[in-house]
Amino acid sequence: EALLDDRKVMTKSSSVDLVTQTDQKVEQLIIQSVKEKFPTHRFIGEESVAAGEPCILTDDPTWIVDPIDGTTNFVHAGCRAVTWYSAVRSLLPQMEFGVVFSCLEDKMFTARRGSGAFCNGEPLQVSGQKDIQRSIIATEFGSNRDPEVVDKMFSSLRNVLCIPVHGMRGAGTAAINMCLVASGCVEAYYEIGMHVWDLAASSLIVSEAGGVLMDVEGGAADLMSRRIVAANNRTIAERIVKEIHPFAPPRDDAPPLQQ
Ligand SMILES: O=P(O)(O)O[C@H]1[C@H](O)[C@@H](O)[C@H](O)[C@@H](O)[C@@H]1O
Ligand SMILES: [Mg+2]
Ligand SMILES: [Mg+2]
């Protein structure tokens with residue numbers, strides 16, 4: 001219904017960072033229904049953070065919610081829109097489970113720590129490809145249009161494409177790009193600039209499907225750092241890291257700037 005009805009588009013951090021009433025409604029729906037069952041749990045929700053709520057993990061069980069991942073697709077008549085949520089239980093953070101629902105495809109991706117990853121109940125396994133020259137790599141350009149940042153993104157894109165790889169793809173949603181890695185449809189996904197709610201659920205789905213997560217400079221992945229390489233194996237991830245022109249956006253858990 002919302003795909004047909006919700007055409008009132010608002011903006012957040014910039015003119016290309018879009019939000020609709022459906023994003024806000026879905027986030028409230030998820031938070032309210034979880035709160036009814038677990039009144040002491042905490043939440044990090046994309047639209048709540050946009051409205052000024054803190055983006056901090058504590059030792060309390062915390063649900064990380066992206067009500068629609070791919071709002072730009074949704075606004076442009078729903079190339080692909082996704083609702084998903086995940087839970088995190090510690091400062092490390094230790095993901096307990098992740099859920100990504102690709103509503104137009106009616107695909108429910110799920111993972112629970114130590115129990116594997118699934119799509120509509122069928123087990124997921126990353127691709128076995130070790131040769132990056134026989135791989136497809138996914139990425140996105142996010143919503144930062146600062147020419148210096150765009151130059152860095154294009155330089156990375158050019159470097160990866162010219163390895164050469166079989167192709168580059170982008171679903172318009174970080175969560176689905178990661179689920180494509182988990183499903184073995186693409187070998188890797190990298191991006192700088194997305195947020196913890198874009199990645200939390202699908203990061204567990206990737207690792208439970210046998211994949212690896214890494215920072216774009218090769219260290220351990222840090223979901224608050226707004227940088228990720230998710231790949232089918234370490235060989236492919238490390239090869240991509242060599243080609244990325246890194247930069248560091250403000251962290252999701254950075255204290256708010258003083259006015
Ligand atoms: O804003 P939504 O649609 O929840 O999330 C999108 C990110 O904002 C964007 O930076 C990223 O490139 C895109 O993949 C992601 O899904
Ligand atoms: Mg998102
Ligand atoms: Mg969103």
# chains A, B, ... in the order shown; residues from 1 in each chain; ligands from 1

call {"tool": "closest_atom_pairs", "arguments": {"of": "chain A", "to": "ligand 2", "cutoff": "9 Å", "atoms": "only C-alpha atoms and all ligand atoms", "output": "tab-separated table"}}
result
residue	atom	partner	partner_atom_place_in_ligand_line	distance
A:Glu46	CA	ligand 2	1 (Mg)	7.6
A:Val65	CA	ligand 2	1 (Mg)	9.0
A:Asp66	CA	ligand 2	1 (Mg)	5.5
A:Pro67	CA	ligand 2	1 (Mg)	7.7
A:Ile68	CA	ligand 2	1 (Mg)	6.3
A:Asp69	CA	ligand 2	1 (Mg)	3.7
A:Gly70	CA	ligand 2	1 (Mg)	5.9
A:Thr71	CA	ligand 2	1 (Mg)	7.3
A:Val82	CA	ligand 2	1 (Mg)	8.6
A:Thr173	CA	ligand 2	1 (Mg)	6.5
A:Ala174	CA	ligand 2	1 (Mg)	6.6
A:Ala175	CA	ligand 2	1 (Mg)	7.2
A:Met194	CA	ligand 2	1 (Mg)	7.3
A:His195	CA	ligand 2	1 (Mg)	7.1
A:Val196	CA	ligand 2	1 (Mg)	8.6
A:Trp197	CA	ligand 2	1 (Mg)	6.2
A:Asp198	CA	ligand 2	1 (Mg)	4.2
A:Leu199	CA	ligand 2	1 (Mg)	7.9

call {"tool": "residues_around", "arguments": {"residues": "range 201-211 of chain A", "least_positions_apart": "5", "cutoff": "10 Å", "atoms": "only C-alpha atoms", "output": "PyMOL selection string"}}
result
chain A and resi 63-66+84-88+94-100+109-119+123-128+174-184+187-188+196+221+223+228+230-234+237

call {"tool": "residues_around", "arguments": {"residues": "Ile244 in chain A", "least_positions_apart": "6", "cutoff": "12 Å", "atoms": "only C-alpha atoms", "output": "ChimeraX atom specification"}}
result
/A:139,151-161,163,189-192,215-218,227-229,237-238

call {"tool": "residues_around", "arguments": {"residues": "Cys55 in chain A", "least_positions_apart": "2", "cutoff": "8 Å", "atoms": "only C-alpha atoms", "output": "list in words"}}
result
Ile44, Val49, Glu53, Leu57, Asp252 and Asp253 of chain A

call {"tool": "write_last_selection", "arguments": {"atoms": "N, CA and C atoms", "output": "PDB file, in the first residue's frame"}}
result
ATOM      1  N   ILE A  44      18.355   1.295  18.823  1.00  0.00           N
ATOM      2  CA  ILE A  44      19.005   2.300  17.973  1.00  0.00           C
ATOM      3  C   ILE A  44      18.234   2.229  16.658  1.00  0.00           C
ATOM      4  N   VAL A  49      17.288   8.183  15.671  1.00  0.00           N
ATOM      5  CA  VAL A  49      18.577   8.896  15.754  1.00  0.00           C
ATOM      6  C   VAL A  49      18.466  10.211  14.974  1.00  0.00           C
ATOM      7  N   GLU A  53      17.724  11.009  19.068  1.00  0.00           N
ATOM      8  CA  GLU A  53      18.015   9.951  20.058  1.00  0.00           C
ATOM      9  C   GLU A  53      19.480   9.544  19.932  1.00  0.00           C
ATOM     10  N   LEU A  57      25.772   1.941  22.049  1.00  0.00           N
ATOM     11  CA  LEU A  57      25.569   0.582  22.545  1.00  0.00           C
ATOM     12  C   LEU A  57      26.011   0.508  23.995  1.00  0.00           C
ATOM     13  N   ASP A 252      29.207   6.691  13.891  1.00  0.00           N
ATOM     14  CA  ASP A 252      27.807   6.715  14.348  1.00  0.00           C
ATOM     15  C   ASP A 252      27.716   6.989  15.842  1.00  0.00           C
ATOM     16  N   ASP A 253      28.707   6.525  16.629  1.00  0.00           N
ATOM     17  CA  ASP A 253      28.632   6.705  18.091  1.00  0.00           C
ATOM     18  C   ASP A 253      29.435   7.909  18.563  1.00  0.00           C
TER      19      ASP A 253
END

call {"tool": "closest_residue", "arguments": {"among": "A:Arg145, A:Asn120, A:Pro164, A:Gly172", "to": "ligand 3", "atoms": "only C-alpha atoms and all ligand atoms"}}
result
A:Gly172

call {"tool": "atom_distance", "arguments": {"atom1": "CA of Asp23 in chain A", "atom2": "atom 4 (O, counted along the ligand's line) of ligand 1"}}
result
8.4 Å

call {"tool": "select_by_dssp", "arguments": {"residues": "range 7-106 of chain A", "states": "strand (DSSP E)", "output": "PyMOL selection string"}}
result
chain A and resi 9-11+18-20+42-45+62-69+82-88+95-102

call {"tool": "write_last_selection", "arguments": {"atoms": "N, CA and C atoms", "output": "CSV table (one decimal), in the first residue's frame"}}
result
chain,number,residue,atom,x,y,z
A,9,VAL,N,7.9,13.0,0.2
A,9,VAL,CA,9.3,12.8,0.5
A,9,VAL,C,9.9,14.0,1.3
A,10,MET,N,10.6,13.6,2.4
A,10,MET,CA,11.2,14.6,3.2
A,10,MET,C,12.7,14.4,3.1
A,11,THR,N,13.6,15.3,3.6
A,11,THR,CA,15.0,15.1,3.6
A,11,THR,C,15.6,15.2,5.0
A,18,LEU,N,16.9,10.8,1.9
A,18,LEU,CA,15.5,10.9,1.9
A,18,LEU,C,14.8,10.1,3.0
A,19,VAL,N,13.6,10.5,3.4
A,19,VAL,CA,12.8,9.8,4.4
A,19,VAL,C,11.4,10.0,4.0
A,20,THR,N,10.5,9.1,4.4
A,20,THR,CA,9.1,9.2,4.1
A,20,THR,C,8.4,8.9,5.4
A,42,ARG,N,16.8,-1.8,24.8
A,42,ARG,CA,17.1,-0.5,24.2
A,42,ARG,C,17.0,-0.6,22.7
A,43,PHE,N,17.0,0.6,22.0
A,43,PHE,CA,16.9,0.6,20.6
A,43,PHE,C,17.8,1.6,20.0
A,44,ILE,N,18.4,1.3,18.8
A,44,ILE,CA,19.0,2.3,18.0
A,44,ILE,C,18.2,2.2,16.7
A,45,GLY,N,17.5,3.3,16.4
A,45,GLY,CA,16.6,3.2,15.1
A,45,GLY,C,17.1,4.4,14.3
A,62,THR,N,20.1,-4.6,22.8
A,62,THR,CA,19.7,-3.4,22.0
A,62,THR,C,19.3,-3.9,20.6
A,63,TRP,N,18.2,-3.4,20.2
A,63,TRP,CA,17.7,-3.7,18.8
A,63,TRP,C,18.1,-2.6,17.9
A,64,ILE,N,18.7,-2.9,16.8
A,64,ILE,CA,19.2,-1.9,15.8
A,64,ILE,C,18.2,-2.0,14.6
A,65,VAL,N,17.5,-0.9,14.4
A,65,VAL,CA,16.4,-0.9,13.4
A,65,VAL,C,16.6,0.0,12.2
A,66,ASP,N,16.6,-0.5,11.0
A,66,ASP,CA,16.5,0.3,9.8
A,66,ASP,C,15.1,0.0,9.2
A,67,PRO,N,14.1,0.9,9.3
A,67,PRO,CA,12.8,0.5,9.0
A,67,PRO,C,12.6,0.2,7.5
A,68,ILE,N,13.3,1.1,6.6
A,68,ILE,CA,13.3,0.8,5.2
A,68,ILE,C,14.8,1.0,4.8
A,69,ASP,N,15.4,-0.1,4.3
A,69,ASP,CA,16.8,0.1,3.7
A,69,ASP,C,16.6,0.1,2.2
A,82,VAL,N,13.2,-2.6,1.6
A,82,VAL,CA,13.5,-3.6,2.6
A,82,VAL,C,13.2,-3.1,4.0
A,83,THR,N,12.6,-4.0,4.8
A,83,THR,CA,12.4,-3.7,6.2
A,83,THR,C,13.2,-4.8,7.0
A,84,TRP,N,13.9,-4.3,8.0
A,84,TRP,CA,14.8,-5.2,8.7
A,84,TRP,C,15.1,-4.8,10.1
A,85,TYR,N,15.5,-5.7,10.9
A,85,TYR,CA,15.9,-5.3,12.3
A,85,TYR,C,16.8,-6.4,12.8
A,86,SER,N,17.6,-6.0,13.9
A,86,SER,CA,18.5,-7.0,14.4
A,86,SER,C,18.7,-6.7,15.9
A,87,ALA,N,19.3,-7.6,16.6
A,87,ALA,CA,19.6,-7.4,18.0
A,87,ALA,C,21.1,-7.6,18.3
A,88,VAL,N,21.5,-6.8,19.2
A,88,VAL,CA,22.9,-6.8,19.6
A,88,VAL,C,23.0,-6.9,21.1
A,95,MET,N,26.5,-9.8,18.0
A,95,MET,CA,25.2,-9.9,17.4
A,95,MET,C,24.5,-11.2,17.8
A,96,GLU,N,23.2,-11.1,18.2
A,96,GLU,CA,22.5,-12.3,18.5
A,96,GLU,C,21.7,-12.9,17.4
A,97,PHE,N,21.0,-12.0,16.7
A,97,PHE,CA,20.3,-12.4,15.5
A,97,PHE,C,20.1,-11.3,14.5
A,98,GLY,N,19.8,-11.6,13.3
A,98,GLY,CA,19.6,-10.6,12.3
A,98,GLY,C,18.5,-11.0,11.4
A,99,VAL,N,17.6,-10.0,11.0
A,99,VAL,CA,16.5,-10.3,10.1
A,99,VAL,C,16.5,-9.2,9.0
A,100,VAL,N,16.4,-9.6,7.7
A,100,VAL,CA,16.3,-8.7,6.6
A,100,VAL,C,15.1,-9.2,5.8
A,101,PHE,N,14.1,-8.4,5.6
A,101,PHE,CA,12.9,-8.8,4.8
A,101,PHE,C,12.9,-8.0,3.5
A,102,SER,N,13.1,-8.7,2.4
A,102,SER,CA,13.0,-8.0,1.1
A,102,SER,C,11.6,-8.2,0.6

call {"tool": "atom_distance", "arguments": {"atom1": "CA of Ala138 in chain A", "atom2": "CA of Cys185 in chain A"}}
result
10.1 Å

call {"tool": "residues_around", "arguments": {"residues": "His41 in chain A", "least_positions_apart": "3", "cutoff": "10 Å", "atoms": "only C-alpha atoms", "output": "list in words"}}
result
Ile31, Val34, Lys35, Lys37, Phe38, Asp60, Pro61, Thr62, Trp63, Ala87 and Arg89 of chain A
